Amino acid sequence: MRRALATSRSLPLVLFLAAAPVHAATVSEGAESGLARVTVQVPADFPVISSTVYADPKSHSFHMGHIGFNPEDQWVMLNAFVVPQPGTELRFASRLAWSGSGESAHVQVSVDGGSWQDTAFAQQGTDTAGETTFNARTMSLQPYVGRSLRIRFYYRYTSPGNSLSYVSDSIGWFVDRIAVVTAGVTVLSEGAESGLATVTAQVPPGYTQLFSSTVFADPPFHSFHLAHIGFAPIDQWVMLNAPFVPQPGSEVLFQSRLAWSGSGESAHVQVSVAGGGWQDTEYSQQGSDTSGEAGFNARALNLALFVGSSIRIRFYYRYTPPGNALSYASDNIGWFIDQIAVTNVLEIVPKADFDSNGRADILWRNGATGQNTAWLVDGQGGVTAAALPPVFDQSWKMGAAGDFDGDGKTDILWRNATTGENVIWRMDGTSVLAQVALPPVFDLNWQIRGAADFDGDGK
């Protein structure tokens, strides 16, 4: 027979806190922000934020406990959408204290906006005092790689088992230190071996040393080389073509050698945020009127300031008067960059309208796994994720989106950055109807910059 320790019954309280859906491959939550980043369903007046039982020194946890003879299921949901990558894990501290044999703790997920489903994590109540301390739990999100997830912690009652009604903080399920963690994933690796296939450069007219084959950090024997020329030096840069959305832990890693350089010359990493103007980051290195570095040095730039924003990245070699500038005369002069890697980010591809609602949708391509996803945007802050077929060969890049066959549906244009091949995916919403080969363009210096109706024929 099921027993309860209290007879009162409260109506359930559901708090839905508005939060614009965002991509977040890493989430950290320990109840210190209250309900700012979660949505909860708990009985009315139930103390879902506990300040007496907690795992971390910040003195809060999430608490779920049933009440009365007709216990209502309870949950705490992370507001952020999560797109797992290989190696992504859900980690949390859990304490299932006094609980009945009919009560159980679960982690649930909703995949691409679908219904909630239980995962591998489940813990059954025992009609005993249960756990007296928090225990670290880890759950792999590998089955959901590349999919858009919502995650919630669900405290269930299943009849006819016992339920223990909340009367103190020694009863129920406590959850703390929630973290969705992805190990560093490199989605772009560039060492000048592909020429201008994945970068755009500005160098002085007549400058032919952008790709150095004599000074390099890696075995493929090339690096990017920036150097000023003459008495009126022009600033130079090498920009990564792909825009990225950094996640917590994202970094730009590269090998750098600032060789002979003047006191007026300086090396910088710059970013453009959401299409805005270029800005210096915290990485800079000043010239010294000396021979500078004799070899390459590993550099790392943390992108924490730009988490969740769309950014472009470039390496910028600046001259600032009245300091000295050393004009290029040999491969001992200027700034050399090699082994560029951008880790733990998602690559953005051009916008489109796949559900024909008049709102621009968002295409995502995972540069580590080859998976592709469309976010269908409703214009009210809502997003529905739809998985597209994966393309595992990372040489294929989404170049543009548009209605190429005049059927009123958005199609996707692909370019192979290694072979020069070009292909259109003819789409019906988010379903691929056919793949149509276009003439190849073997010169990899040619890059797709967009798609538009140039002749007014509606295509």
# chains A, B, ... in the order shown; residues from 1 in each chain; ligands from 1

call {"tool": "residues_around", "arguments": {"residues": "range 272-277 of chain A", "least_positions_apart": "3", "cutoff": "12 Å", "atoms": "only C-alpha atoms", "output": "ChimeraX atom specification"}}
result
/A:239-246,269,280-281,303,305-315,348

call {"tool": "residues_around", "arguments": {"residues": "Val107 in chain A", "least_positions_apart": "5", "cutoff": "8 Å", "atoms": "only C-alpha atoms", "output": "PyMOL selection string"}}
result
chain A and resi 118-122+151-154

call {"tool": "residues_around", "arguments": {"residues": "Ser99 in chain A", "least_positions_apart": "6", "cutoff": "7 Å", "atoms": "only C-alpha atoms", "output": "NGL selection string"}}
result
:A and (125-128 or 130 or 163-164 or 171-172)

call {"tool": "atom_distance", "arguments": {"atom1": "CA of Asp235 in chain A", "atom2": "CA of Phe221 in chain A"}}
result
25.2 Å

call {"tool": "closest_residue", "arguments": {"among": "A:Gln41, A:Asn332, A:Thr198, A:Thr430", "to": "Gln447 in chain A", "atoms": "only C-alpha atoms"}}
result
A:Thr198

call {"tool": "residues_around", "arguments": {"residues": "range 383-389 of chain A", "least_positions_apart": "4", "cutoff": "12 Å", "atoms": "only C-alpha atoms", "output": "MDAnalysis selection string"}}
result
chainID A and resid 19:23 80:83 110:114 144:150 354:355 359:366 369:379 412 425 427:433 435

call {"tool": "residues_around", "arguments": {"residues": "range 255-267 of chain A", "least_positions_apart": "4", "cutoff": "7 Å", "atoms": "only C-alpha atoms", "output": "PyMOL selection string"}}
result
chain A and resi 217+284-299+316-326+332-340

call {"tool": "atom_distance", "arguments": {"atom1": "CA of Leu196 in chain A", "atom2": "CA of Glu421 in chain A"}}
result
15.9 Å

call {"tool": "select_by_dssp", "arguments": {"residues": "range 236-324 of chain A", "states": "strand (DSSP E)", "output": "PyMOL selection string"}}
result
chain A and resi 236-240+244-258+265-273+278-286+297-302+311-319

call {"tool": "residues_around", "arguments": {"residues": "Glu89 in chain A", "least_positions_apart": "2", "cutoff": "6 Å", "atoms": "only C-alpha atoms", "output": "count of residues only"}}
result
5

call {"tool": "residues_around", "arguments": {"residues": "His63 in chain A", "least_positions_apart": "6", "cutoff": "10 Å", "atoms": "only C-alpha atoms", "output": "ChimeraX atom specification"}}
result
/A:31,42,46-51,53-54,74-76,95-96,155,169,171-176

call {"tool": "write_last_selection", "arguments": {"atoms": "N, CA and C atoms", "output": "mmCIF file, in the first residue's frame"}}
result
data_model
loop_
_atom_site.group_PDB
_atom_site.id
_atom_site.type_symbol
_atom_site.label_atom_id
_atom_site.label_comp_id
_atom_site.auth_asym_id
_atom_site.auth_seq_id
_atom_site.Cartn_x
_atom_site.Cartn_y
_atom_site.Cartn_z
ATOM 1 N N ALA A 31 22.006 26.458 -9.612
ATOM 2 C CA ALA A 31 20.877 27.044 -8.878
ATOM 3 C C ALA A 31 21.220 28.396 -8.270
ATOM 4 N N VAL A 42 6.751 22.374 -10.320
ATOM 5 C CA VAL A 42 6.758 21.871 -8.944
ATOM 6 C C VAL A 42 5.420 22.219 -8.310
ATOM 7 N N PHE A 46 6.285 25.170 -3.405
ATOM 8 C CA PHE A 46 7.357 24.226 -3.081
ATOM 9 C C PHE A 46 8.708 24.924 -3.213
ATOM 10 N N PRO A 47 9.627 24.740 -2.241
ATOM 11 C CA PRO A 47 10.931 25.415 -2.279
ATOM 12 C C PRO A 47 11.905 24.716 -3.239
ATOM 13 N N VAL A 48 11.768 24.983 -4.549
ATOM 14 C CA VAL A 48 12.576 24.293 -5.545
ATOM 15 C C VAL A 48 14.046 24.680 -5.460
ATOM 16 N N ILE A 49 14.360 25.855 -4.924
ATOM 17 C CA ILE A 49 15.750 26.258 -4.700
ATOM 18 C C ILE A 49 16.067 26.023 -3.232
ATOM 19 N N SER A 50 16.916 25.039 -2.957
ATOM 20 C CA SER A 50 17.285 24.724 -1.581
ATOM 21 C C SER A 50 18.541 25.491 -1.194
ATOM 22 N N SER A 51 18.503 26.099 -0.022
ATOM 23 C CA SER A 51 19.683 26.783 0.500
ATOM 24 C C SER A 51 20.271 26.052 1.705
ATOM 25 N N VAL A 53 20.650 22.288 1.496
ATOM 26 C CA VAL A 53 21.287 21.079 0.984
ATOM 27 C C VAL A 53 21.903 21.419 -0.363
ATOM 28 N N TYR A 54 23.205 21.257 -0.486
ATOM 29 C CA TYR A 54 23.877 21.657 -1.724
ATOM 30 C C TYR A 54 25.222 20.953 -1.816
ATOM 31 N N GLN A 74 7.445 16.148 -11.116
ATOM 32 C CA GLN A 74 8.124 17.446 -11.073
ATOM 33 C C GLN A 74 9.343 17.415 -11.984
ATOM 34 N N TRP A 75 9.745 18.600 -12.445
ATOM 35 C CA TRP A 75 10.950 18.660 -13.276
ATOM 36 C C TRP A 75 11.592 20.037 -13.245
ATOM 37 N N VAL A 76 12.879 20.023 -13.567
ATOM 38 C CA VAL A 76 13.671 21.243 -13.758
ATOM 39 C C VAL A 76 14.319 21.122 -15.126
ATOM 40 N N ARG A 95 21.738 13.867 -5.276
ATOM 41 C CA ARG A 95 21.491 13.232 -3.987
ATOM 42 C C ARG A 95 20.016 12.861 -3.906
ATOM 43 N N LEU A 96 19.713 11.569 -3.986
ATOM 44 C CA LEU A 96 18.352 11.087 -3.802
ATOM 45 C C LEU A 96 18.235 10.673 -2.333
ATOM 46 N N TYR A 155 11.420 14.105 -11.735
ATOM 47 C CA TYR A 155 11.164 13.308 -10.527
ATOM 48 C C TYR A 155 9.759 12.738 -10.635
ATOM 49 N N ASP A 169 13.937 19.038 4.447
ATOM 50 C CA ASP A 169 14.987 18.955 3.436
ATOM 51 C C ASP A 169 15.773 17.656 3.500
ATOM 52 N N ILE A 171 14.075 14.966 2.462
ATOM 53 C CA ILE A 171 13.202 14.160 1.607
ATOM 54 C C ILE A 171 13.263 14.684 0.178
ATOM 55 N N GLY A 172 13.404 13.786 -0.800
ATOM 56 C CA GLY A 172 13.325 14.165 -2.202
ATOM 57 C C GLY A 172 14.663 14.096 -2.920
ATOM 58 N N TRP A 173 14.681 14.703 -4.123
ATOM 59 C CA TRP A 173 15.847 14.636 -5.008
ATOM 60 C C TRP A 173 16.487 16.012 -5.112
ATOM 61 N N PHE A 174 17.791 16.071 -4.867
ATOM 62 C CA PHE A 174 18.562 17.308 -4.959
ATOM 63 C C PHE A 174 19.546 17.199 -6.125
ATOM 64 N N VAL A 175 19.618 18.252 -6.930
ATOM 65 C CA VAL A 175 20.492 18.277 -8.108
ATOM 66 C C VAL A 175 21.311 19.560 -8.063
ATOM 67 N N ASP A 176 22.611 19.436 -8.294
ATOM 68 C CA ASP A 176 23.498 20.599 -8.238
ATOM 69 C C ASP A 176 24.615 20.422 -9.262
#

call {"tool": "atom_distance", "arguments": {"atom1": "CA of Thr158 in chain A", "atom2": "CA of Val109 in chain A"}}
result
19.4 Å
